[in-house]
Amino acid sequence: MTIELRAIGWVRGGRVPDEDDDWGAVRARIELDTAWLGPDALGGLDAFSHAEIVFVFDRIGDADVTTGARHPRGNPDWPKVGIFAQRGRNRPNRLGVSICRIIAVEGATLHVEGLDAIDGTPVVDIKPVMMGFQPRGEIREPEWAAEIMAAYW
């Protein structure tokens with residue numbers, strides 16, 4: 001089955017290189033495609049502290065996609081795990097998801113902090129972060145995952 005998605009907007013500003021760490025203070029904006037979205041599509045989003053952004057890793061070529069297991073970030077000190085046990089950008093459908101802080105909403109532009117997507121990245125969805133949708137109960141993860149995230153934000 002093939003699913004077609006249309007970009008609702010694009011990341012502007014923030015970073016140009018796709019480095020792995022230090023995303024916490026990166027500020028960027030998401031400019032909506034007003035040619036097909038209403039001018040009030042972001043209305044009410046400013047009442048939330050965070051938004052979940054779904055975007056496309058559009059600079060990953062077909063040859064770079066991983067469908068099996070690999071060492072996260074190519075680090076042989078970490079175990080080889082399947083692509084769905086990690087959050088790398090070389091995913092089969094090249095979709096990224098990031099929860100970031102909302103700085104401001106100005107018309108069809110969303111200003112955010114901590115979005116780990118680079119300038120020009122197509123955005124396919126924006127969702128407000130609601131506590132009711134957050135995980136219930138304890139969250140567990142392997143030690144290597146905590147090591148990856150130590151300098152990420």
# chains A, B, ... in the order shown; residues from 1 in each chain; ligands from 1
>>> select_by_dssp(residues="segment 37-144 of chain A", states="strand (DSSP E or B)", output="JSON, numbers by chain")
{"A": [50, 51, 52, 53, 54, 55, 56, 69, 70, 81, 82, 95, 96, 97, 98, 99, 100, 101, 102, 103, 104, 105, 106, 109, 110, 111, 112, 113, 122, 123, 124, 125, 126, 127, 128]}
>>> write_last_selection(atoms="N, CA and C atoms", output="mmCIF file, in the first residue's frame")
data_model
loop_
_atom_site.group_PDB
_atom_site.id
_atom_site.type_symbol
_atom_site.label_atom_id
_atom_site.label_comp_id
_atom_site.auth_asym_id
_atom_site.auth_seq_id
_atom_site.Cartn_x
_atom_site.Cartn_y
_atom_site.Cartn_z
ATOM 1 N N HIS A 50 3.564 22.898 24.490
ATOM 2 C CA HIS A 50 4.361 22.082 23.580
ATOM 3 C C HIS A 50 3.519 21.569 22.409
ATOM 4 N N ALA A 51 4.206 21.310 21.322
ATOM 5 C CA ALA A 51 3.566 20.707 20.154
ATOM 6 C C ALA A 51 4.415 19.540 19.680
ATOM 7 N N GLU A 52 3.743 18.544 19.147
ATOM 8 C CA GLU A 52 4.413 17.399 18.549
ATOM 9 C C GLU A 52 4.414 17.625 17.043
ATOM 10 N N ILE A 53 5.600 17.653 16.471
ATOM 11 C CA ILE A 53 5.757 17.941 15.058
ATOM 12 C C ILE A 53 6.121 16.652 14.330
ATOM 13 N N VAL A 54 5.393 16.345 13.273
ATOM 14 C CA VAL A 54 5.683 15.181 12.429
ATOM 15 C C VAL A 54 6.262 15.736 11.132
ATOM 16 N N PHE A 55 7.457 15.261 10.787
ATOM 17 C CA PHE A 55 8.151 15.797 9.625
ATOM 18 C C PHE A 55 8.796 14.680 8.829
ATOM 19 N N VAL A 56 9.310 15.030 7.661
ATOM 20 C CA VAL A 56 9.909 14.048 6.760
ATOM 21 C C VAL A 56 11.407 14.301 6.660
ATOM 22 N N ALA A 69 18.488 -4.357 11.347
ATOM 23 C CA ALA A 69 19.172 -3.959 12.577
ATOM 24 C C ALA A 69 20.481 -3.249 12.262
ATOM 25 N N ARG A 70 20.887 -2.396 13.182
ATOM 26 C CA ARG A 70 22.168 -1.695 13.084
ATOM 27 C C ARG A 70 22.534 -1.204 14.473
ATOM 28 N N VAL A 81 20.392 -3.159 17.093
ATOM 29 C CA VAL A 81 18.949 -3.277 17.312
ATOM 30 C C VAL A 81 18.218 -2.905 16.030
ATOM 31 N N GLY A 82 17.004 -3.376 15.901
ATOM 32 C CA GLY A 82 16.189 -3.087 14.721
ATOM 33 C C GLY A 82 15.892 -1.597 14.599
ATOM 34 N N LEU A 95 9.983 9.256 8.458
ATOM 35 C CA LEU A 95 9.202 10.165 9.276
ATOM 36 C C LEU A 95 9.904 10.427 10.598
ATOM 37 N N GLY A 96 9.935 11.682 10.991
ATOM 38 C CA GLY A 96 10.475 12.081 12.282
ATOM 39 C C GLY A 96 9.368 12.683 13.124
ATOM 40 N N VAL A 97 9.494 12.545 14.442
ATOM 41 C CA VAL A 97 8.534 13.102 15.380
ATOM 42 C C VAL A 97 9.319 13.784 16.481
ATOM 43 N N SER A 98 8.940 15.001 16.812
ATOM 44 C CA SER A 98 9.648 15.743 17.838
ATOM 45 C C SER A 98 8.652 16.544 18.663
ATOM 46 N N ILE A 99 8.812 16.500 19.978
ATOM 47 C CA ILE A 99 8.015 17.341 20.859
ATOM 48 C C ILE A 99 8.866 18.566 21.175
ATOM 49 N N CYS A 100 8.327 19.744 20.899
ATOM 50 C CA CYS A 100 9.099 20.963 21.125
ATOM 51 C C CYS A 100 8.243 21.998 21.849
ATOM 52 N N ARG A 101 8.914 22.972 22.421
ATOM 53 C CA ARG A 101 8.249 24.035 23.164
ATOM 54 C C ARG A 101 7.712 25.076 22.191
ATOM 55 N N ILE A 102 6.492 25.495 22.425
ATOM 56 C CA ILE A 102 5.890 26.554 21.613
ATOM 57 C C ILE A 102 6.363 27.894 22.161
ATOM 58 N N ILE A 103 6.960 28.697 21.308
ATOM 59 C CA ILE A 103 7.398 30.040 21.683
ATOM 60 C C ILE A 103 6.302 31.051 21.356
ATOM 61 N N ALA A 104 5.734 30.962 20.153
ATOM 62 C CA ALA A 104 4.685 31.897 19.731
ATOM 63 C C ALA A 104 3.955 31.344 18.522
ATOM 64 N N VAL A 105 2.748 31.842 18.343
ATOM 65 C CA VAL A 105 1.976 31.573 17.138
ATOM 66 C C VAL A 105 1.654 32.930 16.529
ATOM 67 N N GLU A 106 2.057 33.114 15.289
ATOM 68 C CA GLU A 106 1.793 34.369 14.581
ATOM 69 C C GLU A 106 1.145 34.041 13.247
ATOM 70 N N THR A 109 2.313 30.980 11.179
ATOM 71 C CA THR A 109 3.683 30.623 11.547
ATOM 72 C C THR A 109 3.739 30.209 13.008
ATOM 73 N N LEU A 110 4.346 29.066 13.253
ATOM 74 C CA LEU A 110 4.544 28.543 14.602
ATOM 75 C C LEU A 110 6.021 28.657 14.942
ATOM 76 N N HIS A 111 6.340 29.362 16.026
ATOM 77 C CA HIS A 111 7.720 29.500 16.497
ATOM 78 C C HIS A 111 7.937 28.476 17.600
ATOM 79 N N VAL A 112 9.005 27.681 17.481
ATOM 80 C CA VAL A 112 9.256 26.600 18.429
ATOM 81 C C VAL A 112 10.714 26.574 18.876
ATOM 82 N N GLU A 113 10.946 25.840 19.947
ATOM 83 C CA GLU A 113 12.302 25.620 20.450
ATOM 84 C C GLU A 113 12.472 24.126 20.702
ATOM 85 N N PRO A 122 10.205 19.387 5.290
ATOM 86 C CA PRO A 122 8.750 19.413 5.164
ATOM 87 C C PRO A 122 8.071 18.875 6.433
ATOM 88 N N VAL A 123 7.036 19.563 6.860
ATOM 89 C CA VAL A 123 6.244 19.168 8.031
ATOM 90 C C VAL A 123 4.930 18.595 7.518
ATOM 91 N N VAL A 124 4.528 17.441 8.076
ATOM 92 C CA VAL A 124 3.288 16.814 7.619
ATOM 93 C C VAL A 124 2.161 16.853 8.652
ATOM 94 N N ASP A 125 2.481 17.198 9.900
ATOM 95 C CA ASP A 125 1.423 17.332 10.901
ATOM 96 C C ASP A 125 1.957 18.057 12.128
ATOM 97 N N ILE A 126 1.047 18.686 12.843
ATOM 98 C CA ILE A 126 1.327 19.354 14.119
ATOM 99 C C ILE A 126 0.211 18.950 15.062
ATOM 100 N N LYS A 127 0.589 18.498 16.253
ATOM 101 C CA LYS A 127 -0.415 18.114 17.248
ATOM 102 C C LYS A 127 -0.055 18.765 18.583
ATOM 103 N N PRO A 128 -1.038 19.256 19.318
ATOM 104 C CA PRO A 128 -0.731 19.788 20.639
ATOM 105 C C PRO A 128 -0.368 18.639 21.574
#
>>> residues_around(residues="Gly13 of chain A", least_positions_apart="6", cutoff="10 Å", atoms="only C-alpha atoms", output="PyMOL selection string")
chain A and resi 26-30+111+117-120
>>> closest_atom_pairs(of="segment 60-103 of chain A", to="segment 129-149 of chain A", cutoff="9 Å", atoms="only C-alpha atoms", output="tab-separated table")
residue	atom	partner	partner_atom	distance
A:Pro72	CA	A:Ile148	CA	8.5
A:Arg73	CA	A:Ile148	CA	8.5
A:Asp77	CA	A:Trp144	CA	8.7
A:Trp78	CA	A:Trp144	CA	6.0
A:Pro79	CA	A:Trp144	CA	8.0
A:Gln86	CA	A:Ala145	CA	8.1
A:Ile99	CA	A:Val129	CA	7.6
>>> residues_around(residues="Ala35 of chain A", least_positions_apart="3", cutoff="12 Å", atoms="only C-alpha atoms", output="NGL selection string")
:A and (7-9 or 31-32 or 38-39 or 41 or 108)
>>> write_last_selection(atoms="N, CA, C and O atoms", output="PDB file, in the first residue's frame")
ATOM      1  N   ALA A   7       2.883  18.033   2.371  1.00  0.00           N
ATOM      2  CA  ALA A   7       3.465  18.896   3.397  1.00  0.00           C
ATOM      3  C   ALA A   7       2.464  19.984   3.770  1.00  0.00           C
ATOM      4  O   ALA A   7       1.844  20.593   2.906  1.00  0.00           O
ATOM      5  N   ILE A   8       2.299  20.198   5.082  1.00  0.00           N
ATOM      6  CA  ILE A   8       1.438  21.286   5.542  1.00  0.00           C
ATOM      7  C   ILE A   8       2.246  22.567   5.705  1.00  0.00           C
ATOM      8  O   ILE A   8       1.704  23.641   5.862  1.00  0.00           O
ATOM      9  N   GLY A   9       3.568  22.422   5.708  1.00  0.00           N
ATOM     10  CA  GLY A   9       4.442  23.570   5.872  1.00  0.00           C
ATOM     11  C   GLY A   9       5.891  23.125   5.896  1.00  0.00           C
ATOM     12  O   GLY A   9       6.195  21.949   5.627  1.00  0.00           O
ATOM     13  N   GLU A  31       6.405  27.383   8.924  1.00  0.00           N
ATOM     14  CA  GLU A  31       5.528  28.222   8.110  1.00  0.00           C
ATOM     15  C   GLU A  31       4.566  27.322   7.349  1.00  0.00           C
ATOM     16  O   GLU A  31       4.990  26.477   6.558  1.00  0.00           O
ATOM     17  N   LEU A  32       3.280  27.505   7.612  1.00  0.00           N
ATOM     18  CA  LEU A  32       2.267  26.676   6.976  1.00  0.00           C
ATOM     19  C   LEU A  32       2.074  27.060   5.512  1.00  0.00           C
ATOM     20  O   LEU A  32       2.285  28.213   5.119  1.00  0.00           O
ATOM     21  N   GLY A  38      -6.320  26.804   5.931  1.00  0.00           N
ATOM     22  CA  GLY A  38      -6.969  28.042   6.333  1.00  0.00           C
ATOM     23  C   GLY A  38      -6.048  28.920   7.165  1.00  0.00           C
ATOM     24  O   GLY A  38      -5.130  28.424   7.828  1.00  0.00           O
ATOM     25  N   PRO A  39      -6.273  30.218   7.165  1.00  0.00           N
ATOM     26  CA  PRO A  39      -5.414  31.142   7.894  1.00  0.00           C
ATOM     27  C   PRO A  39      -5.480  30.958   9.410  1.00  0.00           C
ATOM     28  O   PRO A  39      -4.604  31.416  10.139  1.00  0.00           O
ATOM     29  N   ALA A  41      -5.553  27.887  10.911  1.00  0.00           N
ATOM     30  CA  ALA A  41      -5.215  26.486  11.200  1.00  0.00           C
ATOM     31  C   ALA A  41      -4.464  26.327  12.520  1.00  0.00           C
ATOM     32  O   ALA A  41      -4.562  25.289  13.174  1.00  0.00           O
ATOM     33  N   ALA A 108      -0.006  32.165  10.392  1.00  0.00           N
ATOM     34  CA  ALA A 108       0.264  30.822   9.879  1.00  0.00           C
ATOM     35  C   ALA A 108       1.690  30.377  10.172  1.00  0.00           C
ATOM     36  O   ALA A 108       2.208  29.484   9.509  1.00  0.00           O
TER      37      ALA A 108
END
>>> atom_distance(atom1="atom CA of Arg89 of chain A", atom2="atom CA of Asp33 of chain A")
24.0 Å
>>> closest_residue(among="A:Asp46, A:Thr67, A:Arg94, A:Thr34", to="Trp10 of chain A", atoms="only C-alpha atoms")
A:Thr34
>>> decode(residues="segment 91-104 of chain A", atoms="all heavy atoms", output="short mmCIF file (atom, residue, chain, number, x, y, z; two decimals), in the first residue's frame")
data_model
loop_
_atom_site.label_atom_id
_atom_site.label_comp_id
_atom_site.auth_asym_id
_atom_site.auth_seq_id
_atom_site.Cartn_x
_atom_site.Cartn_y
_atom_site.Cartn_z
N ARG A 91 14.97 5.76 8.58
CA ARG A 91 13.81 4.90 8.74
C ARG A 91 13.17 4.58 7.38
O ARG A 91 13.29 5.37 6.45
CB ARG A 91 12.78 5.58 9.62
CG ARG A 91 13.39 6.31 10.80
CD ARG A 91 12.37 6.92 11.71
NE ARG A 91 11.59 5.89 12.37
CZ ARG A 91 12.08 5.07 13.30
NH1 ARG A 91 13.32 5.17 13.68
NH2 ARG A 91 11.32 4.15 13.84
N PRO A 92 12.45 3.49 7.28
CA PRO A 92 11.82 3.13 6.00
C PRO A 92 10.93 4.22 5.41
O PRO A 92 10.98 4.47 4.21
CB PRO A 92 11.02 1.86 6.33
CG PRO A 92 11.78 1.24 7.45
CD PRO A 92 12.28 2.41 8.27
N ASN A 93 10.12 4.87 6.21
CA ASN A 93 9.25 5.93 5.68
C ASN A 93 9.78 7.33 5.97
O ASN A 93 9.09 8.31 5.69
CB ASN A 93 7.82 5.78 6.20
CG ASN A 93 7.08 4.70 5.46
OD1 ASN A 93 7.16 4.62 4.24
ND2 ASN A 93 6.35 3.87 6.18
N ARG A 94 10.95 7.41 6.54
CA ARG A 94 11.65 8.68 6.75
C ARG A 94 10.83 9.70 7.53
O ARG A 94 10.96 10.91 7.33
CB ARG A 94 12.09 9.27 5.41
CG ARG A 94 13.02 8.37 4.63
CD ARG A 94 13.27 8.93 3.24
NE ARG A 94 14.03 8.01 2.44
CZ ARG A 94 13.53 7.32 1.42
NH1 ARG A 94 12.29 7.45 1.06
NH2 ARG A 94 14.30 6.50 0.74
N LEU A 95 9.98 9.26 8.46
CA LEU A 95 9.20 10.17 9.28
C LEU A 95 9.90 10.43 10.60
O LEU A 95 10.39 9.50 11.25
CB LEU A 95 7.80 9.60 9.55
CG LEU A 95 6.87 9.52 8.36
CD1 LEU A 95 5.54 8.89 8.79
CD2 LEU A 95 6.64 10.88 7.74
N GLY A 96 9.94 11.68 10.99
CA GLY A 96 10.48 12.08 12.28
C GLY A 96 9.37 12.68 13.12
O GLY A 96 8.41 13.25 12.60
N VAL A 97 9.49 12.54 14.44
CA VAL A 97 8.53 13.10 15.38
C VAL A 97 9.32 13.78 16.48
O VAL A 97 10.27 13.21 17.02
CB VAL A 97 7.64 11.99 15.98
CG1 VAL A 97 6.66 12.57 16.97
CG2 VAL A 97 6.92 11.22 14.90
N SER A 98 8.94 15.00 16.81
CA SER A 98 9.65 15.74 17.84
C SER A 98 8.65 16.54 18.66
O SER A 98 7.75 17.19 18.11
CB SER A 98 10.66 16.69 17.18
OG SER A 98 11.42 17.37 18.13
N ILE A 99 8.81 16.50 19.98
CA ILE A 99 8.01 17.34 20.86
C ILE A 99 8.87 18.57 21.18
O ILE A 99 10.00 18.44 21.64
CB ILE A 99 7.62 16.60 22.14
CG1 ILE A 99 6.66 15.45 21.79
CG2 ILE A 99 6.98 17.56 23.15
CD1 ILE A 99 6.28 14.58 22.96
N CYS A 100 8.33 19.74 20.90
CA CYS A 100 9.10 20.96 21.12
C CYS A 100 8.24 22.00 21.85
O CYS A 100 7.02 21.90 21.88
CB CYS A 100 9.64 21.50 19.81
SG CYS A 100 8.40 21.66 18.54
N ARG A 101 8.91 22.97 22.42
CA ARG A 101 8.25 24.04 23.16
C ARG A 101 7.71 25.08 22.19
O ARG A 101 8.40 25.47 21.25
CB ARG A 101 9.23 24.68 24.14
CG ARG A 101 8.58 25.63 25.11
CD ARG A 101 9.49 25.93 26.29
NE ARG A 101 10.62 26.76 25.93
CZ ARG A 101 10.62 28.10 25.99
NH1 ARG A 101 9.54 28.74 26.36
NH2 ARG A 101 11.70 28.78 25.66
N ILE A 102 6.49 25.49 22.43
CA ILE A 102 5.89 26.55 21.61
C ILE A 102 6.36 27.89 22.16
O ILE A 102 6.18 28.19 23.35
CB ILE A 102 4.35 26.47 21.63
CG1 ILE A 102 3.89 25.16 20.97
CG2 ILE A 102 3.73 27.70 20.96
CD1 ILE A 102 2.41 24.89 21.10
N ILE A 103 6.96 28.70 21.31
CA ILE A 103 7.40 30.04 21.68
C ILE A 103 6.30 31.05 21.36
O ILE A 103 5.97 31.91 22.16
CB ILE A 103 8.70 30.43 20.94
CG1 ILE A 103 9.81 29.40 21.21
CG2 ILE A 103 9.14 31.83 21.30
CD1 ILE A 103 10.18 29.24 22.67
N ALA A 104 5.73 30.96 20.15
CA ALA A 104 4.69 31.90 19.73
C ALA A 104 3.96 31.34 18.52
O ALA A 104 4.48 30.50 17.79
CB ALA A 104 5.30 33.26 19.39
#
